[in-house]
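Step one of this worksheet: look at the structure below.
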Amino acid sequence: MPESFFILSKDYLELATDEIVALSKMYDRFSKVKIISNLVIIQSKTNWEKITKRASFVKISGQILRKMSGLFLDEGNIGVLKNAKTFACRIINLSSNQFNVPELESSMGDMISKFSHAKVKLEDPDITVYLIFTDEENFFGFSKRMKEVKRPKKITKYPHELDWKLTRVMINLLGIKEGETVCDPFCGTGTTLLEAESMGIHAIGLDFDEKMCKISKENLLVNGYKSKVVNSDYHELSKISEKIIGIVTDLPYGKSSKTSEKPEKILKEFFSILPKRKRGAIMYKKELDSKLRLKGIKKYEIYRHKSLTRTILIK
């Protein structure tokens, strides 16, 4: 079974790692996972590109061709370059050893050139060949040039809106597949709806603020997206629960909340009316944890600044 590799950003590393694992299991429940620091190895029938296109914090990804005991290449190793016109070599050192990376990359390029008609091109090559060093194992792999994915546009933003990468992670952690439907009951400017649709997922947004609903609709329209936006509060969930697979939201706080009710009261009531057997990823102020002792499958702390840490709860 093919193996893929994913080098993750160290920002929110636990969150990023769990996202890759969730996506791999969503597409292939028999996939096997190995984690070495910020390197995730996935053995699965699912192509690495499919996972990468949905993931939020992947820096580098590709397919592993073989494990290596050292820097040794032969014609069999580089068959992947057969139809490539250009290539580049990259060393990724995740080990405790020190390497002269530029010299290794240059030597690797010279070795590959002996077996291939492809030319070295450092910027935007057809194929990038990788040697990944860790303290446990070394890996030889490659990636192909991927078409850049266009980000959804937003003609109107808001100071306290949900970060798009965290939104995407929350959707992915729930394992919501293309064609399924997610709901954001505090949709604001529509970040969850935009990210869902960009991944081929249907979305329904609720918001009690008519102005926010208007902004969401405008942001959807400029992208040609068709998610439904309803000017109603979160109690509407009971009416649409059969249509949705999961719930992804960032509960309003501070100036972004125009309700006179206290955040803990909103959160407590919101959790009490959540549809049973529906997956959920809910973000809220960390300080509410000690007051409400909310339970779920897992919690992640998201540090924003010295006076604000958010919690993402997966249920």
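Ligands are numbered from 1 in the order shown, chains are lettered A, B, ... in the order of the structure tokens, and residues start at 1 in each chain.
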I'd like a table as a Markdown table: residues in segment 156-236 of chain A with an atom no more than 12 Å from segment 268-278 of chain A, each row giving the shortest atom pair and its distance in Å to one decimal, only C-alpha atoms counted, sorted by chain and rising residue number.
| residue | atom | partner | partner_atom | distance |
| --- | --- | --- | --- | --- |
| A:Leu174 | CA | A:Lys278 | CA | 9.8 |
| A:Gly175 | CA | A:Lys278 | CA | 11.8 |
| A:Ile176 | CA | A:Lys278 | CA | 11.1 |
| A:Thr181 | CA | A:Lys278 | CA | 11.4 |
| A:Val182 | CA | A:Lys278 | CA | 10.1 |
| A:Cys183 | CA | A:Lys278 | CA | 10.6 |
| A:Asp184 | CA | A:Leu274 | CA | 12.0 |
| A:Pro185 | CA | A:Phe270 | CA | 9.6 |
| A:Phe186 | CA | A:Phe270 | CA | 10.7 |
| A:Asp233 | CA | A:Phe270 | CA | 10.2 |
| A:Tyr234 | CA | A:Phe270 | CA | 7.2 |
| A:His235 | CA | A:Ile273 | CA | 7.2 |
| A:Glu236 | CA | A:Ile273 | CA | 9.9 |
Could you give me, as JSON lines, every segment 44-149 of chain A residue with an atom at most 10 Å from segment 21-40 of chain A, plus its closest atom pair and distance in Å to one decimal, counting only C-alpha atoms, rows ordered by chain then number?
{"residue": "A:Ser44", "atom": "CA", "partner": "A:Ser31", "partner_atom": "CA", "distance": 4.6}
{"residue": "A:Lys45", "atom": "CA", "partner": "A:Asp28", "partner_atom": "CA", "distance": 7.0}
{"residue": "A:Thr46", "atom": "CA", "partner": "A:Tyr27", "partner_atom": "CA", "distance": 6.6}
{"residue": "A:Asn47", "atom": "CA", "partner": "A:Ser24", "partner_atom": "CA", "distance": 9.5}
{"residue": "A:Trp48", "atom": "CA", "partner": "A:Ser24", "partner_atom": "CA", "distance": 9.2}
{"residue": "A:Lys50", "atom": "CA", "partner": "A:Tyr27", "partner_atom": "CA", "distance": 9.2}
{"residue": "A:Ile51", "atom": "CA", "partner": "A:Leu23", "partner_atom": "CA", "distance": 6.4}
{"residue": "A:Thr52", "atom": "CA", "partner": "A:Leu23", "partner_atom": "CA", "distance": 9.3}
{"residue": "A:Arg54", "atom": "CA", "partner": "A:Leu23", "partner_atom": "CA", "distance": 8.1}
{"residue": "A:Ala55", "atom": "CA", "partner": "A:Leu23", "partner_atom": "CA", "distance": 8.0}
{"residue": "A:Val58", "atom": "CA", "partner": "A:Asn38", "partner_atom": "CA", "distance": 9.7}
{"residue": "A:Ile60", "atom": "CA", "partner": "A:Leu39", "partner_atom": "CA", "distance": 9.6}
{"residue": "A:Ser61", "atom": "CA", "partner": "A:Val40", "partner_atom": "CA", "distance": 9.4}
{"residue": "A:Leu94", "atom": "CA", "partner": "A:Ser37", "partner_atom": "CA", "distance": 7.8}
{"residue": "A:Ser95", "atom": "CA", "partner": "A:Ser37", "partner_atom": "CA", "distance": 9.6}
{"residue": "A:Ile132", "atom": "CA", "partner": "A:Leu39", "partner_atom": "CA", "distance": 9.3}
{"residue": "A:Thr134", "atom": "CA", "partner": "A:Ile36", "partner_atom": "CA", "distance": 7.7}
{"residue": "A:Asp135", "atom": "CA", "partner": "A:Ile36", "partner_atom": "CA", "distance": 8.9}
{"residue": "A:Glu136", "atom": "CA", "partner": "A:Ile36", "partner_atom": "CA", "distance": 8.1}
{"residue": "A:Glu137", "atom": "CA", "partner": "A:Ile36", "partner_atom": "CA", "distance": 9.4}
Any chance you could export the current selection's N, CA and C atoms as a PDB file, in the first residue's frame?
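Once everything was written out, this is part.pdb:
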ATOM      1  N   SER A  44      -1.798   4.313   3.065  1.00  0.00           N
ATOM      2  CA  SER A  44      -3.212   4.333   2.696  1.00  0.00           C
ATOM      3  C   SER A  44      -3.372   4.239   1.188  1.00  0.00           C
ATOM      4  N   LYS A  45      -4.547   3.839   0.758  1.00  0.00           N
ATOM      5  CA  LYS A  45      -4.859   3.820  -0.675  1.00  0.00           C
ATOM      6  C   LYS A  45      -5.204   5.225  -1.167  1.00  0.00           C
ATOM      7  N   THR A  46      -5.354   6.179  -0.243  1.00  0.00           N
ATOM      8  CA  THR A  46      -5.699   7.556  -0.604  1.00  0.00           C
ATOM      9  C   THR A  46      -4.461   8.321  -1.032  1.00  0.00           C
ATOM     10  N   ASN A  47      -4.543   9.026  -2.146  1.00  0.00           N
ATOM     11  CA  ASN A  47      -3.434   9.791  -2.680  1.00  0.00           C
ATOM     12  C   ASN A  47      -3.099  10.972  -1.765  1.00  0.00           C
ATOM     13  N   TRP A  48      -1.813  11.266  -1.605  1.00  0.00           N
ATOM     14  CA  TRP A  48      -1.365  12.362  -0.733  1.00  0.00           C
ATOM     15  C   TRP A  48      -1.934  13.707  -1.161  1.00  0.00           C
ATOM     16  N   LYS A  50      -4.873  14.370  -2.358  1.00  0.00           N
ATOM     17  CA  LYS A  50      -6.263  14.511  -1.913  1.00  0.00           C
ATOM     18  C   LYS A  50      -6.327  14.998  -0.465  1.00  0.00           C
ATOM     19  N   ILE A  51      -5.454  14.456   0.366  1.00  0.00           N
ATOM     20  CA  ILE A  51      -5.409  14.875   1.768  1.00  0.00           C
ATOM     21  C   ILE A  51      -4.849  16.288   1.885  1.00  0.00           C
ATOM     22  N   THR A  52      -3.796  16.578   1.127  1.00  0.00           N
ATOM     23  CA  THR A  52      -3.157  17.893   1.188  1.00  0.00           C
ATOM     24  C   THR A  52      -4.105  19.015   0.804  1.00  0.00           C
ATOM     25  N   ARG A  54      -7.156  19.339   1.341  1.00  0.00           N
ATOM     26  CA  ARG A  54      -8.110  19.677   2.394  1.00  0.00           C
ATOM     27  C   ARG A  54      -7.443  20.167   3.674  1.00  0.00           C
ATOM     28  N   ALA A  55      -6.193  19.794   3.883  1.00  0.00           N
ATOM     29  CA  ALA A  55      -5.525  20.093   5.146  1.00  0.00           C
ATOM     30  C   ALA A  55      -5.147  21.575   5.268  1.00  0.00           C
ATOM     31  N   VAL A  58      -0.296  21.860   6.360  1.00  0.00           N
ATOM     32  CA  VAL A  58       0.737  21.075   5.679  1.00  0.00           C
ATOM     33  C   VAL A  58       1.701  22.016   4.961  1.00  0.00           C
ATOM     34  N   ILE A  60       4.834  20.697   3.492  1.00  0.00           N
ATOM     35  CA  ILE A  60       5.374  19.899   2.393  1.00  0.00           C
ATOM     36  C   ILE A  60       4.724  18.529   2.455  1.00  0.00           C
ATOM     37  N   SER A  61       4.400  17.968   1.306  1.00  0.00           N
ATOM     38  CA  SER A  61       3.824  16.621   1.277  1.00  0.00           C
ATOM     39  C   SER A  61       4.220  15.918  -0.008  1.00  0.00           C
ATOM     40  N   LEU A  94      15.050  16.411  10.108  1.00  0.00           N
ATOM     41  CA  LEU A  94      14.296  16.418  11.357  1.00  0.00           C
ATOM     42  C   LEU A  94      15.039  15.640  12.438  1.00  0.00           C
ATOM     43  N   SER A  95      16.305  15.321  12.144  1.00  0.00           N
ATOM     44  CA  SER A  95      17.111  14.543  13.090  1.00  0.00           C
ATOM     45  C   SER A  95      17.930  15.475  13.984  1.00  0.00           C
ATOM     46  N   ILE A 132      14.410  12.756   3.577  1.00  0.00           N
ATOM     47  CA  ILE A 132      13.954  13.189   4.891  1.00  0.00           C
ATOM     48  C   ILE A 132      14.728  12.400   5.943  1.00  0.00           C
ATOM     49  N   THR A 134      15.390  11.564   9.917  1.00  0.00           N
ATOM     50  CA  THR A 134      14.898  11.620  11.288  1.00  0.00           C
ATOM     51  C   THR A 134      15.836  10.773  12.151  1.00  0.00           C
ATOM     52  N   ASP A 135      15.676  10.841  13.447  1.00  0.00           N
ATOM     53  CA  ASP A 135      16.512  10.024  14.333  1.00  0.00           C
ATOM     54  C   ASP A 135      16.117   8.558  14.301  1.00  0.00           C
ATOM     55  N   GLU A 136      14.947   8.261  13.747  1.00  0.00           N
ATOM     56  CA  GLU A 136      14.470   6.875  13.676  1.00  0.00           C
ATOM     57  C   GLU A 136      14.738   6.229  12.326  1.00  0.00           C
ATOM     58  N   GLU A 137      14.340   6.923  11.256  1.00  0.00           N
ATOM     59  CA  GLU A 137      14.465   6.379   9.903  1.00  0.00           C
ATOM     60  C   GLU A 137      14.705   7.520   8.925  1.00  0.00           C
TER      61      GLU A 137
END
Self-check item: Nearest to Pro159 of chain A, chosen from A:Asn138, A:Thr189, A:Thr86, A:Thr128, with only C-alpha atoms counted in the distances
Solution: A:Thr189
Quiz item: Suppose you want the space between atom CA of Glu161 of chain A and atom CA of Ile201 of chain A; what is it in Å?
Solution: 20.3 Å
Quiz item: as a PyMOL selection string, which residues of segment 147-239 of chain A does DSSP assign to strand (DSSP E or B)?
Solution: chain A and resi 181-184+202-206+228-230
Quiz item: Nearest to Arg145 of chain A: which of A:Leu104, A:Leu193, A:Glu49, A:Leu292 is it, counting only C-alpha atoms?
Solution: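 For Arg145 of chain A, the nearest of the candidates is A:Glu49.
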Practice problem: Identify which of the residues A:Cys213, A:Met170, A:Leu122, A:Leu8 lies closest to Lys299 of chain A, counting only C-alpha atoms when measuring atom-to-atom distances. | Solution: A:Met170
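If you measure from each of A:Thr191, A:Ser198, A:Asn172, A:Ser107 to Leu15 of chain A using only C-alpha atoms, the closest one turns out to be A:Asn172.
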Self-check item: Backbone DSSP call of helix (DSSP H, G or I) for segment 44-137 of chain A, listed as a list in words
Solution: Trp48, Glu49, Lys50, Ile51, Thr52, Lys53, Arg54, Gly79, Val80, Leu81, Val101, Pro102, Glu103, Leu104, Glu105, Ser106, Ser107, Met108, Gly109, Asp110, Met111, Ile112, Ser113, Lys114 and Phe115 of chain A
Considering only C-alpha atoms, tabulate each residue of segment 271-302 of chain A that lies at most 12 Å from segment 263-266 of chain A along with its nearest interatomic pair and the corresponding distance in Å to one decimal; arrange the rows by chain and ascending residue number and present them as a tab-separated table.
residue	atom	partner	partner_atom	distance
A:Phe271	CA	A:Ile266	CA	8.6
A:Ser272	CA	A:Ile266	CA	9.9
A:Ile273	CA	A:Ile266	CA	10.8
A:Tyr284	CA	A:Pro263	CA	8.8
A:Lys285	CA	A:Pro263	CA	8.7
A:Lys286	CA	A:Glu264	CA	10.9
A:Glu287	CA	A:Glu264	CA	9.4
A:Leu288	CA	A:Glu264	CA	6.2
A:Asp289	CA	A:Glu264	CA	9.2
A:Ser290	CA	A:Glu264	CA	10.5
A:Lys291	CA	A:Glu264	CA	7.7
A:Leu292	CA	A:Glu264	CA	7.4
A:Arg293	CA	A:Glu264	CA	10.9
A:Leu294	CA	A:Glu264	CA	10.9
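If only C-alpha atoms are the atoms counted, then among A:Gln43, A:Thr249, A:Asn219, A:Gln63 the closest residue to Leu162 of chain A is A:Thr249.
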Quiz item: Separation of atom CA of Ile155 of chain A and atom CA of Val248 of chain A, in Å?
Solution: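 The value is 22.1 Å.
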Quiz item: Between A:Leu81, A:Ile302, A:Ile64, A:Ala16, which is the closest to Ser113 of chain A once you count only C-alpha atoms?
Solution: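 Among the listed residues, the smallest separation from Ser113 of chain A belongs to A:Leu81.
Reported to one decimal place, the separation of atom CA of Thr309 of chain A from atom CA of Phe208 of chain A is 25.1 Å.
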